[in-house]
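Worksheet: one structure, shown below.
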Amino acid sequence: MTENSDNQIKNVIERMDRPANILFVGATGAGKSSTINALFNSEKAKVGYGADPETKNIQKYELGKNVTLWDSPGLGDSKDNDEEYSRNIESLLRKKDTNGNALIDLVVVIADNSSRDLGTVYSVIRNVIVPNLTDTDKDRIVVALNKTDNLANIQYWDQNENRPKPELIPKIEAKEESVRDRISKDTRINPKVISYAAGYSDENFSAQPWHLIRLLSEIIATVPPVKRITVMNNVNQNASVWQNDENYDSYKDEVKDSLADSIVELADMVGDAVPVLKPVTAGVKVATRVVEKLFSFFF
Ligand SMILES: Nc1nc2c(ncn2[C@@H]2O[C@H](COP(=O)(O)OP(=O)(O)OP(=O)(O)O)[C@@H](O)[C@H]2O)c(=O)[nH]1
Ligand SMILES: [Mg+2]
């Protein structure tokens with residue numbers, strides 16, 4: 001590996017640092033804010049609200065120089081508020097960036113997995129989100145079912161290991177499937193549906209997240225490839241939030257592959273700039289090595 005080709009790869013990666021915008025939507029108390037805080041380096045965020053009247057209720061976290069997270073107010077409390085907040089979400093979804101593409105790169109819909117009635121969630125997906133995504137962006141939704149620790153009676157959750165007991169696993173899978181089926185019947189789109197727990201802490205107890213890396217892996221895979229590195233630059237660097245997952249190693253590999261692929265893809269878009277990434281198999285190998293180095297806190 002010559003220093004020259006390393007520099008060329010760095011150059012490609014710099015070109016990938018493009019503004020990324022992620023919108024979080026969900027019912028009141030589903031865990032939007034907790035999820036943002038678990039996933040991202042949000043302590044250092046500049047926190048404010050949308051600048052125009054149409055988005056003034058949507059809280060805005062600006063991370064690093066290029067990631068903006070939009071935390072919309074909870075739905076389902078009152079009809080009047082829901083109407084107003086839904087209009088805010090619609091306006092944000094219709095906003096364009098300077099290239100004329102949708103400003104919002106990804107919508108994360110957060111639902112409470114312990115709730116039997118996900119009517120609010122289905123209705124916001126069907127009536128507010130999907131109609132305001134352009135055809136090419138219809139797959140930019142991830143549905144995240146939070147508080148899986150409360151999905152069933154607490155006896156099914158292993159408190160010490162902070163993960164489901166084996167009896168709970170089929171229930172978790174069945175719930176994901178029913179949510180997926182319902183959304184696809186309603187809208188004909190098939191978003192990824194992921195059960196997880198953002199974790200929490202109160203005076204008596206604190207729980208780390210569970211399956212947060214599965215959610216991250218899906219977020220990274222679903223944002224436009226040129227923005228994956230930008231998003232990854234801003235994730236929580238506290239390694240312990242990612243580790244509680246039975247398939248930790250394989251999700252780590254998925255994240256790594258998504259990032260490496262995006263580097264190779266962008267190098268291809270910018271032409272012959274990086275010969276070392278050209279032969280596909282060798283290129284992916286080099287890109288993977290760079291990704292491991294860049295995000296050593298994670299891999
Ligand atoms: N048991 C459990 N509680 C959680 C989890 N995630 C969040 N909570 C708790 O759920 C409550 C609501 O979480 P928030 O993150 O404030 O939810 P929100 O969606 O931002 O709420 P609003 O902004 O008011 O709509 C808090 O008390 C959290 O500690 C989880 O994975 N498990
Ligand atoms: Mg909140």
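We label chains A, B, ... in the order they appear in the structure tokens, count residues from 1 in each chain, and number ligands from 1 in the order shown.
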All strand (DSSP E) residues (DSSP, backbone) inside stretch 40-268 of chain A, as a ChimeraX atom specification:
/A:46-49,59-63,67-71,106-112,141-146,157-158,163-164,192-195,200-201,206-207
Near-stretch 52-67 of chain A list (10 Å; only C-alpha atoms; drop same-chain fewer than 6 positions) as number ranges by chain
A: 17-25, 33, 36, 40-46, 73-74, 84-85, 87-92, 227, 230-235
Output file for the selection above: N, CA, C and O atoms, as a tab-separated table (two decimals), in the first residue's frame:
```
chain	number	residue	atom	x	y	z
A	17	ASP	N	-18.30	13.06	2.50
A	17	ASP	CA	-18.83	13.74	3.68
A	17	ASP	C	-19.86	14.78	3.24
A	17	ASP	O	-19.61	15.97	3.22
A	18	ARG	N	-21.02	14.27	2.85
A	18	ARG	CA	-22.10	15.14	2.37
A	18	ARG	C	-23.19	15.21	3.42
A	18	ARG	O	-23.39	14.25	4.15
A	19	PRO	N	-23.92	16.30	3.45
A	19	PRO	CA	-24.94	16.44	4.48
A	19	PRO	C	-25.95	15.29	4.46
A	19	PRO	O	-26.44	14.91	3.40
A	20	ALA	N	-26.20	14.73	5.62
A	20	ALA	CA	-27.19	13.65	5.75
A	20	ALA	C	-28.27	14.10	6.73
A	20	ALA	O	-27.96	14.74	7.74
A	21	ASN	N	-29.51	13.80	6.41
A	21	ASN	CA	-30.64	14.21	7.25
A	21	ASN	C	-31.51	13.00	7.54
A	21	ASN	O	-31.97	12.33	6.62
A	22	ILE	N	-31.72	12.74	8.81
A	22	ILE	CA	-32.54	11.59	9.20
A	22	ILE	C	-33.70	12.09	10.06
A	22	ILE	O	-33.50	12.87	11.00
A	23	LEU	N	-34.89	11.66	9.71
A	23	LEU	CA	-36.10	12.07	10.45
A	23	LEU	C	-36.60	10.92	11.31
A	23	LEU	O	-36.74	9.80	10.83
A	24	PHE	N	-36.87	11.22	12.57
A	24	PHE	CA	-37.45	10.23	13.50
A	24	PHE	C	-38.90	10.61	13.76
A	24	PHE	O	-39.19	11.75	14.13
A	25	VAL	N	-39.78	9.64	13.58
A	25	VAL	CA	-41.21	9.88	13.74
A	25	VAL	C	-41.77	8.77	14.62
A	25	VAL	O	-41.30	7.63	14.57
A	33	SER	N	-36.46	10.13	21.27
A	33	SER	CA	-35.30	10.83	21.82
A	33	SER	C	-34.30	9.85	22.41
A	33	SER	O	-33.08	10.00	22.21
A	36	ILE	N	-32.32	8.30	19.54
A	36	ILE	CA	-31.33	9.23	18.99
A	36	ILE	C	-30.11	9.29	19.91
A	36	ILE	O	-28.97	9.21	19.46
A	40	PHE	N	-26.43	7.97	18.49
A	40	PHE	CA	-25.52	9.00	18.01
A	40	PHE	C	-24.77	9.69	19.14
A	40	PHE	O	-25.17	9.63	20.29
A	41	ASN	N	-23.72	10.37	18.74
A	41	ASN	CA	-22.94	11.22	19.61
A	41	ASN	C	-23.71	12.50	19.86
A	41	ASN	O	-23.32	13.56	19.38
A	42	SER	N	-24.82	12.41	20.58
A	42	SER	CA	-25.71	13.56	20.59
A	42	SER	C	-25.39	14.58	21.69
A	42	SER	O	-25.93	15.67	21.68
A	43	GLU	N	-24.47	14.22	22.60
A	43	GLU	CA	-24.17	15.20	23.67
A	43	GLU	C	-23.61	16.49	23.11
A	43	GLU	O	-23.84	17.56	23.64
A	44	LYS	N	-22.82	16.32	22.03
A	44	LYS	CA	-22.19	17.52	21.48
A	44	LYS	C	-23.04	18.19	20.43
A	44	LYS	O	-22.61	19.15	19.78
A	45	ALA	N	-24.26	17.71	20.26
A	45	ALA	CA	-25.10	18.25	19.18
A	45	ALA	C	-25.53	19.68	19.48
A	45	ALA	O	-25.71	20.06	20.64
A	46	LYS	N	-25.68	20.43	18.41
A	46	LYS	CA	-26.31	21.73	18.53
A	46	LYS	C	-27.81	21.46	18.43
A	46	LYS	O	-28.29	20.93	17.43
A	73	PRO	N	-42.26	15.79	17.09
A	73	PRO	CA	-43.01	15.61	18.34
A	73	PRO	C	-43.89	14.37	18.26
A	73	PRO	O	-44.31	13.95	17.18
A	74	GLY	N	-44.14	13.76	19.43
A	74	GLY	CA	-44.90	12.51	19.47
A	74	GLY	C	-46.32	12.67	18.98
A	74	GLY	O	-46.99	13.66	19.24
A	84	GLU	N	-51.42	19.14	13.24
A	84	GLU	CA	-50.35	20.12	13.07
A	84	GLU	C	-48.99	19.43	12.86
A	84	GLU	O	-48.24	19.77	11.95
A	85	TYR	N	-48.71	18.45	13.71
A	85	TYR	CA	-47.40	17.78	13.61
A	85	TYR	C	-47.28	17.02	12.29
A	85	TYR	O	-46.20	16.96	11.70
A	87	ARG	N	-48.62	17.87	9.47
A	87	ARG	CA	-48.31	18.86	8.42
A	87	ARG	C	-46.83	19.26	8.47
A	87	ARG	O	-46.19	19.44	7.44
A	88	ASN	N	-46.30	19.38	9.70
A	88	ASN	CA	-44.87	19.71	9.84
A	88	ASN	C	-44.00	18.61	9.20
A	88	ASN	O	-43.04	18.90	8.50
A	89	ILE	N	-44.38	17.37	9.48
A	89	ILE	CA	-43.60	16.24	8.93
A	89	ILE	C	-43.69	16.23	7.40
A	89	ILE	O	-42.68	16.05	6.71
A	90	GLU	N	-44.89	16.49	6.89
A	90	GLU	CA	-45.06	16.53	5.43
A	90	GLU	C	-44.19	17.62	4.80
A	90	GLU	O	-43.54	17.39	3.78
A	91	SER	N	-44.19	18.81	5.42
A	91	SER	CA	-43.38	19.89	4.86
A	91	SER	C	-41.91	19.52	4.83
A	91	SER	O	-41.21	19.80	3.87
A	92	LEU	N	-41.47	18.89	5.91
A	92	LEU	CA	-40.06	18.51	5.96
A	92	LEU	C	-39.75	17.47	4.88
A	92	LEU	O	-38.73	17.53	4.20
A	227	LYS	N	-23.63	8.78	1.60
A	227	LYS	CA	-23.77	9.43	2.92
A	227	LYS	C	-23.50	8.48	4.08
A	227	LYS	O	-23.60	8.88	5.24
A	230	THR	N	-20.59	9.57	6.36
A	230	THR	CA	-20.99	10.74	7.16
A	230	THR	C	-21.77	10.31	8.39
A	230	THR	O	-21.53	10.80	9.50
A	231	VAL	N	-22.73	9.41	8.18
A	231	VAL	CA	-23.55	8.96	9.31
A	231	VAL	C	-22.67	8.22	10.32
A	231	VAL	O	-22.71	8.48	11.52
A	232	MET	N	-21.83	7.35	9.80
A	232	MET	CA	-20.97	6.55	10.69
A	232	MET	C	-20.02	7.42	11.49
A	232	MET	O	-19.68	7.10	12.63
A	233	ASN	N	-19.61	8.55	10.92
A	233	ASN	CA	-18.72	9.48	11.63
A	233	ASN	C	-19.36	10.03	12.90
A	233	ASN	O	-18.67	10.60	13.73
A	234	ASN	N	-20.66	9.92	13.02
A	234	ASN	CA	-21.37	10.56	14.13
A	234	ASN	C	-22.07	9.60	15.07
A	234	ASN	O	-22.85	10.02	15.92
A	235	VAL	N	-21.79	8.29	14.92
A	235	VAL	CA	-22.47	7.35	15.82
A	235	VAL	C	-21.81	7.35	17.21
A	235	VAL	O	-20.69	7.83	17.38
```
Determine, counting only C-alpha atoms, which protein, DNA and RNA residues have an atom within 12 Å of an atom of A:Phe295; residues of the same chain fewer than 2 positions away are not included. Present the result as a list in words.
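Skipping anything fewer than 2 positions along the chain leaves Ile229, Thr230, Val231, Met232, Asn233, Asn234, Val235, Asn236, Gln237, Ala239, Lys252, Val255, Lys256, Leu259, Ala260, Thr288, Arg289, Val290, Val291, Glu292, Lys293, Phe297, Phe298 and Phe299 of chain A.
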Within 7 Å of ligand 1, which residues of chain A show up? Give each one with its shortest atom-to-atom distance in Å (one decimal) and the two atoms involved, counting only C-alpha atoms and all ligand atoms, rows by chain then rising residue number, as a Markdown table.
```
| residue | atom | partner | partner_atom_place_in_ligand_line | distance |
| --- | --- | --- | --- | --- |
| A:Gly26 | CA | ligand 1 | 19 (O) | 6.3 |
| A:Ala27 | CA | ligand 1 | 25 (O) | 6.0 |
| A:Thr28 | CA | ligand 1 | 25 (O) | 3.3 |
| A:Gly29 | CA | ligand 1 | 21 (O) | 3.4 |
| A:Ala30 | CA | ligand 1 | 19 (O) | 4.1 |
| A:Gly31 | CA | ligand 1 | 17 (O) | 3.2 |
| A:Lys32 | CA | ligand 1 | 19 (O) | 3.8 |
| A:Ser33 | CA | ligand 1 | 20 (O) | 3.7 |
| A:Ser34 | CA | ligand 1 | 15 (O) | 3.6 |
| A:Thr35 | CA | ligand 1 | 15 (O) | 6.4 |
| A:Pro73 | CA | ligand 1 | 25 (O) | 5.3 |
| A:Gly74 | CA | ligand 1 | 25 (O) | 3.4 |
| A:Leu75 | CA | ligand 1 | 25 (O) | 6.8 |
| A:Asn146 | CA | ligand 1 | 31 (O) | 5.4 |
| A:Lys147 | CA | ligand 1 | 31 (O) | 3.6 |
| A:Thr148 | CA | ligand 1 | 31 (O) | 6.4 |
| A:Asp149 | CA | ligand 1 | 32 (N) | 5.8 |
| A:Asn150 | CA | ligand 1 | 1 (N) | 5.9 |
| A:Tyr196 | CA | ligand 1 | 31 (O) | 6.9 |
| A:Ala197 | CA | ligand 1 | 31 (O) | 3.4 |
| A:Ala198 | CA | ligand 1 | 31 (O) | 3.9 |
| A:Gly199 | CA | ligand 1 | 31 (O) | 4.0 |
| A:Tyr200 | CA | ligand 1 | 29 (O) | 4.4 |
| A:Ser201 | CA | ligand 1 | 29 (O) | 6.2 |
| A:Pro209 | CA | ligand 1 | 31 (O) | 6.5 |
```
What does the file look like for those residues with C-alpha atoms, as a PDB file, in the first residue's frame?
```
ATOM      1  CA  GLY A  26     -43.415   8.006  16.186  1.00  0.00           C
ATOM      2  CA  ALA A  27     -46.087   8.015  18.850  1.00  0.00           C
ATOM      3  CA  THR A  28     -45.601   9.947  22.073  1.00  0.00           C
ATOM      4  CA  GLY A  29     -43.236   8.171  24.403  1.00  0.00           C
ATOM      5  CA  ALA A  30     -42.209   5.463  21.902  1.00  0.00           C
ATOM      6  CA  GLY A  31     -38.582   6.390  22.476  1.00  0.00           C
ATOM      7  CA  LYS A  32     -37.550   8.698  19.632  1.00  0.00           C
ATOM      8  CA  SER A  33     -35.300  10.833  21.816  1.00  0.00           C
ATOM      9  CA  SER A  34     -33.864   7.827  23.678  1.00  0.00           C
ATOM     10  CA  THR A  35     -33.072   6.158  20.371  1.00  0.00           C
ATOM     11  CA  PRO A  73     -43.015  15.613  18.336  1.00  0.00           C
ATOM     12  CA  GLY A  74     -44.898  12.512  19.472  1.00  0.00           C
ATOM     13  CA  LEU A  75     -48.156  11.670  17.741  1.00  0.00           C
ATOM     14  CA  ASN A 146     -38.515  -0.160  20.600  1.00  0.00           C
ATOM     15  CA  LYS A 147     -38.949  -1.362  24.204  1.00  0.00           C
ATOM     16  CA  THR A 148     -38.832  -5.018  23.218  1.00  0.00           C
ATOM     17  CA  ASP A 149     -37.960  -5.672  26.877  1.00  0.00           C
ATOM     18  CA  ASN A 150     -41.611  -4.846  27.570  1.00  0.00           C
ATOM     19  CA  TYR A 196     -34.690  -3.510  19.641  1.00  0.00           C
ATOM     20  CA  ALA A 197     -34.500  -1.669  22.943  1.00  0.00           C
ATOM     21  CA  ALA A 198     -32.962   1.784  23.217  1.00  0.00           C
ATOM     22  CA  GLY A 199     -32.303   1.144  26.898  1.00  0.00           C
ATOM     23  CA  TYR A 200     -33.055   3.510  29.751  1.00  0.00           C
ATOM     24  CA  SER A 201     -31.885   4.619  33.126  1.00  0.00           C
ATOM     25  CA  PRO A 209     -29.633  -1.099  24.539  1.00  0.00           C
TER      26      PRO A 209
END
```
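One finds atom CA of A:Arg163 at 28.4 Å from atom CA of A:Arg140.
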Stretch 178-181 of chain A: which residues within 8 Å, counting only C-alpha atoms, same-chain residues fewer than 6 positions away excluded, as a PyMOL selection string?
chain A and resi 190-193
Taking only C-alpha atoms into account, name the residue in A:Ser123, A:Asn113, A:Thr222, A:Asn247 that is nearest to A:Ala174.
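Distance minimum relative to A:Ala174 lands on A:Asn113.
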Identify all residues of stretch 155-192 of chain A in helix (DSSP H, G or I) (DSSP on the backbone) and supply them as a tab-separated table (two decimals) with all heavy atoms, in the first residue's frame.
```tsv
chain	number	residue	atom	x	y	z
A	155	GLN	N	-41.29	-11.68	32.91
A	155	GLN	CA	-40.65	-12.98	33.15
A	155	GLN	C	-39.97	-13.55	31.90
A	155	GLN	O	-39.13	-14.43	31.99
A	155	GLN	CB	-41.68	-14.00	33.68
A	155	GLN	CG	-42.56	-14.56	32.59
A	155	GLN	CD	-43.73	-15.37	33.13
A	155	GLN	OE1	-44.59	-14.88	33.86
A	155	GLN	NE2	-43.73	-16.64	32.78
A	156	TYR	N	-40.34	-13.04	30.74
A	156	TYR	CA	-39.74	-13.53	29.49
A	156	TYR	C	-38.46	-12.78	29.12
A	156	TYR	O	-37.85	-13.07	28.10
A	156	TYR	CB	-40.72	-13.41	28.32
A	156	TYR	CG	-41.90	-14.32	28.45
A	156	TYR	CD1	-43.17	-13.82	28.72
A	156	TYR	CD2	-41.75	-15.70	28.29
A	156	TYR	CE1	-44.26	-14.66	28.84
A	156	TYR	CE2	-42.82	-16.55	28.40
A	156	TYR	CZ	-44.09	-16.02	28.68
A	156	TYR	OH	-45.15	-16.86	28.79
A	168	LEU	N	-39.34	-16.03	24.28
A	168	LEU	CA	-39.84	-14.76	23.75
A	168	LEU	C	-39.51	-14.57	22.26
A	168	LEU	O	-40.19	-13.83	21.55
A	168	LEU	CB	-39.26	-13.59	24.57
A	168	LEU	CG	-39.79	-12.17	24.28
A	168	LEU	CD1	-41.30	-12.10	24.45
A	168	LEU	CD2	-39.10	-11.14	25.17
A	169	ILE	N	-38.49	-15.27	21.81
A	169	ILE	CA	-38.00	-15.02	20.45
A	169	ILE	C	-39.07	-15.23	19.37
A	169	ILE	O	-39.26	-14.36	18.52
A	169	ILE	CB	-36.68	-15.77	20.20
A	169	ILE	CG1	-35.62	-15.06	21.09
A	169	ILE	CG2	-36.26	-15.72	18.73
A	169	ILE	CD1	-34.31	-15.75	21.20
A	170	PRO	N	-39.82	-16.35	19.42
A	170	PRO	CA	-40.88	-16.49	18.39
A	170	PRO	C	-41.93	-15.39	18.46
A	170	PRO	O	-42.46	-14.97	17.42
A	170	PRO	CB	-41.52	-17.85	18.72
A	170	PRO	CG	-40.72	-18.46	19.79
A	170	PRO	CD	-39.71	-17.51	20.30
A	171	LYS	N	-42.20	-14.88	19.67
A	171	LYS	CA	-43.18	-13.78	19.79
A	171	LYS	C	-42.63	-12.52	19.13
A	171	LYS	O	-43.37	-11.76	18.49
A	171	LYS	CB	-43.47	-13.47	21.26
A	171	LYS	CG	-44.27	-14.53	22.00
A	171	LYS	CD	-44.74	-13.93	23.33
A	171	LYS	CE	-44.90	-14.90	24.46
A	171	LYS	NZ	-45.81	-15.98	24.36
A	172	ILE	N	-41.35	-12.26	19.32
A	172	ILE	CA	-40.72	-11.08	18.72
A	172	ILE	C	-40.80	-11.19	17.20
A	172	ILE	O	-41.17	-10.23	16.50
A	172	ILE	CB	-39.25	-10.95	19.19
A	172	ILE	CG1	-39.19	-10.67	20.69
A	172	ILE	CG2	-38.52	-9.87	18.40
A	172	ILE	CD1	-37.79	-10.69	21.29
A	173	GLU	N	-40.48	-12.38	16.69
A	173	GLU	CA	-40.48	-12.56	15.24
A	173	GLU	C	-41.88	-12.44	14.66
A	173	GLU	O	-42.08	-11.85	13.59
A	173	GLU	CB	-39.85	-13.91	14.87
A	173	GLU	CG	-38.34	-13.88	15.09
A	173	GLU	CD	-37.66	-15.24	14.99
A	173	GLU	OE1	-38.39	-16.26	14.85
A	173	GLU	OE2	-36.41	-15.28	15.06
A	174	ALA	N	-42.86	-12.98	15.40
A	174	ALA	CA	-44.25	-12.91	14.92
A	174	ALA	C	-44.73	-11.46	14.86
A	174	ALA	O	-45.42	-11.04	13.93
A	174	ALA	CB	-45.16	-13.74	15.82
A	175	LYS	N	-44.33	-10.69	15.87
A	175	LYS	CA	-44.74	-9.29	15.90
A	175	LYS	C	-44.13	-8.53	14.72
A	175	LYS	O	-44.82	-7.78	14.02
A	175	LYS	CB	-44.31	-8.66	17.23
A	175	LYS	CG	-44.60	-7.19	17.39
A	175	LYS	CD	-45.97	-6.95	17.98
A	175	LYS	CE	-46.23	-5.48	18.26
A	175	LYS	NZ	-46.31	-5.13	19.66
A	176	GLU	N	-42.86	-8.75	14.48
A	176	GLU	CA	-42.21	-8.08	13.33
A	176	GLU	C	-42.94	-8.44	12.04
A	176	GLU	O	-43.19	-7.57	11.20
A	176	GLU	CB	-40.74	-8.53	13.20
A	176	GLU	CG	-39.82	-7.91	14.23
A	176	GLU	CD	-38.35	-8.33	14.05
A	176	GLU	OE1	-38.03	-9.07	13.08
A	176	GLU	OE2	-37.53	-7.92	14.89
A	177	GLU	N	-43.28	-9.70	11.92
A	177	GLU	CA	-43.92	-10.14	10.68
A	177	GLU	C	-45.30	-9.50	10.52
A	177	GLU	O	-45.68	-9.07	9.43
A	177	GLU	CB	-44.03	-11.66	10.66
A	177	GLU	CG	-44.29	-12.17	9.27
A	177	GLU	CD	-44.29	-13.68	9.22
A	177	GLU	OE1	-43.55	-14.31	10.00
A	177	GLU	OE2	-45.06	-14.22	8.40
A	178	SER	N	-46.03	-9.40	11.63
A	178	SER	CA	-47.37	-8.82	11.50
A	178	SER	C	-47.29	-7.33	11.17
A	178	SER	O	-48.09	-6.81	10.40
A	178	SER	CB	-48.22	-9.13	12.74
A	178	SER	OG	-48.04	-8.15	13.72
A	179	VAL	N	-46.29	-6.65	11.72
A	179	VAL	CA	-46.12	-5.23	11.40
A	179	VAL	C	-45.74	-5.07	9.92
A	179	VAL	O	-46.30	-4.24	9.20
A	179	VAL	CB	-45.05	-4.59	12.32
A	179	VAL	CG1	-44.72	-3.17	11.88
A	179	VAL	CG2	-45.52	-4.59	13.78
A	180	ARG	N	-44.83	-5.91	9.47
A	180	ARG	CA	-44.39	-5.87	8.07
A	180	ARG	C	-45.59	-6.12	7.13
A	180	ARG	O	-45.80	-5.39	6.16
A	180	ARG	CB	-43.35	-6.97	7.86
A	180	ARG	CG	-42.26	-6.61	6.90
A	180	ARG	CD	-41.21	-7.73	6.83
A	180	ARG	NE	-40.35	-7.81	7.99
A	180	ARG	CZ	-40.18	-8.90	8.76
A	180	ARG	NH1	-40.82	-10.02	8.49
A	180	ARG	NH2	-39.37	-8.86	9.78
A	181	ASP	N	-46.38	-7.13	7.45
A	181	ASP	CA	-47.53	-7.47	6.60
A	181	ASP	C	-48.53	-6.32	6.52
A	181	ASP	O	-49.04	-6.00	5.46
A	181	ASP	CB	-48.28	-8.69	7.17
A	181	ASP	CG	-47.53	-9.96	6.88
A	181	ASP	OD1	-46.51	-9.90	6.16
A	181	ASP	OD2	-47.95	-11.02	7.41
A	182	ARG	N	-48.79	-5.75	7.68
A	182	ARG	CA	-49.77	-4.68	7.73
A	182	ARG	C	-49.31	-3.48	6.89
A	182	ARG	O	-50.08	-2.91	6.10
A	182	ARG	CB	-50.00	-4.28	9.19
A	182	ARG	CG	-50.78	-3.02	9.40
A	182	ARG	CD	-52.24	-3.19	8.97
A	182	ARG	NE	-52.89	-1.90	8.92
A	182	ARG	CZ	-53.64	-1.39	9.90
A	182	ARG	NH1	-53.86	-2.09	10.99
A	182	ARG	NH2	-54.18	-0.20	9.77
A	183	ILE	N	-48.04	-3.11	7.03
A	183	ILE	CA	-47.52	-1.95	6.29
A	183	ILE	C	-47.53	-2.26	4.79
A	183	ILE	O	-47.90	-1.42	3.97
A	183	ILE	CB	-46.11	-1.56	6.77
A	183	ILE	CG1	-46.17	-1.09	8.22
A	183	ILE	CG2	-45.50	-0.48	5.88
A	183	ILE	CD1	-44.83	-0.91	8.89
A	184	SER	N	-47.19	-3.48	4.46
A	184	SER	CA	-47.14	-3.77	3.03
A	184	SER	C	-48.55	-3.84	2.43
A	184	SER	O	-48.75	-3.44	1.29
A	184	SER	CB	-46.26	-5.01	2.78
A	184	SER	OG	-47.00	-6.07	2.34
A	185	LYS	N	-49.53	-4.29	3.21
A	185	LYS	CA	-50.93	-4.26	2.74
A	185	LYS	C	-51.40	-2.82	2.56
A	185	LYS	O	-52.09	-2.49	1.60
A	185	LYS	CB	-51.84	-4.92	3.77
A	185	LYS	CG	-52.03	-6.38	3.52
A	185	LYS	CD	-53.32	-6.88	4.18
A	185	LYS	CE	-53.28	-8.39	4.29
A	185	LYS	NZ	-52.79	-8.84	5.63
A	186	ASP	N	-51.03	-1.96	3.53
A	186	ASP	CA	-51.48	-0.57	3.52
A	186	ASP	C	-50.86	0.24	2.40
A	186	ASP	O	-51.47	1.16	1.87
A	186	ASP	CB	-51.04	0.13	4.82
A	186	ASP	CG	-52.02	-0.09	5.96
A	186	ASP	OD1	-53.02	-0.80	5.76
A	186	ASP	OD2	-51.76	0.46	7.06
A	187	THR	N	-49.59	-0.03	2.11
A	187	THR	CA	-48.83	0.92	1.29
A	187	THR	C	-48.09	0.28	0.12
A	187	THR	O	-47.52	1.00	-0.70
A	187	THR	CB	-47.72	1.60	2.16
A	187	THR	OG1	-46.82	0.57	2.59
A	187	THR	CG2	-48.30	2.30	3.36
```
Which residues are close to A:Ile194, i.e. within 8 Å by only C-alpha atoms, leaving aside same-chain residues fewer than 4 positions away? Reply as a ChimeraX atom specification.
/A:142-145,176,214-215
Write the residues of the preceding selection, restricted to N, CA and C atoms, as a PDB file, in the first residue's frame.
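Final file, result_26.pdb:
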```pdb
ATOM      1  N   VAL A 142     -37.171   2.912   7.702  1.00  0.00           N
ATOM      2  CA  VAL A 142     -36.877   1.787   8.583  1.00  0.00           C
ATOM      3  C   VAL A 142     -37.885   1.859   9.723  1.00  0.00           C
ATOM      4  N   VAL A 143     -38.519   0.747  10.031  1.00  0.00           N
ATOM      5  CA  VAL A 143     -39.476   0.720  11.131  1.00  0.00           C
ATOM      6  C   VAL A 143     -38.805   0.049  12.325  1.00  0.00           C
ATOM      7  N   ALA A 144     -38.739   0.779  13.433  1.00  0.00           N
ATOM      8  CA  ALA A 144     -37.983   0.320  14.588  1.00  0.00           C
ATOM      9  C   ALA A 144     -38.943   0.097  15.753  1.00  0.00           C
ATOM     10  N   LEU A 145     -39.008  -1.134  16.237  1.00  0.00           N
ATOM     11  CA  LEU A 145     -39.924  -1.476  17.331  1.00  0.00           C
ATOM     12  C   LEU A 145     -39.142  -1.465  18.642  1.00  0.00           C
ATOM     13  N   GLU A 176     -42.861  -8.746  14.478  1.00  0.00           N
ATOM     14  CA  GLU A 176     -42.206  -8.082  13.332  1.00  0.00           C
ATOM     15  C   GLU A 176     -42.939  -8.435  12.042  1.00  0.00           C
ATOM     16  N   ARG A 214     -28.239  -3.804  15.259  1.00  0.00           N
ATOM     17  CA  ARG A 214     -29.062  -4.273  14.139  1.00  0.00           C
ATOM     18  C   ARG A 214     -29.771  -3.071  13.493  1.00  0.00           C
ATOM     19  N   LEU A 215     -30.261  -2.175  14.370  1.00  0.00           N
ATOM     20  CA  LEU A 215     -30.903  -0.957  13.854  1.00  0.00           C
ATOM     21  C   LEU A 215     -29.886  -0.095  13.102  1.00  0.00           C
TER      22      LEU A 215
END
```
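With distances restricted to only C-alpha atoms and all ligand atoms, A:Ser72 is the closest residue to ligand 2 from A:Ser72, A:Ser86, A:Ser78, A:Ser258.
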If you measure from atom CA of A:Ser114 to atom CA of A:Lys138, what distance in Å do you get, rounded to one decimal?
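Going from atom CA of A:Ser114 over to atom CA of A:Lys138, I get 27.0 Å.
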Using only C-alpha atoms, find the one residue out of A:Val276, A:Ala282, A:Leu151, A:Ala287 that sits nearest to A:Ile263.
A:Ala287
As an exercise, work out the distance from atom CA of A:Ala38 to atom CA of A:Ile129 in Å and give it to one decimal place.
23.9 Å
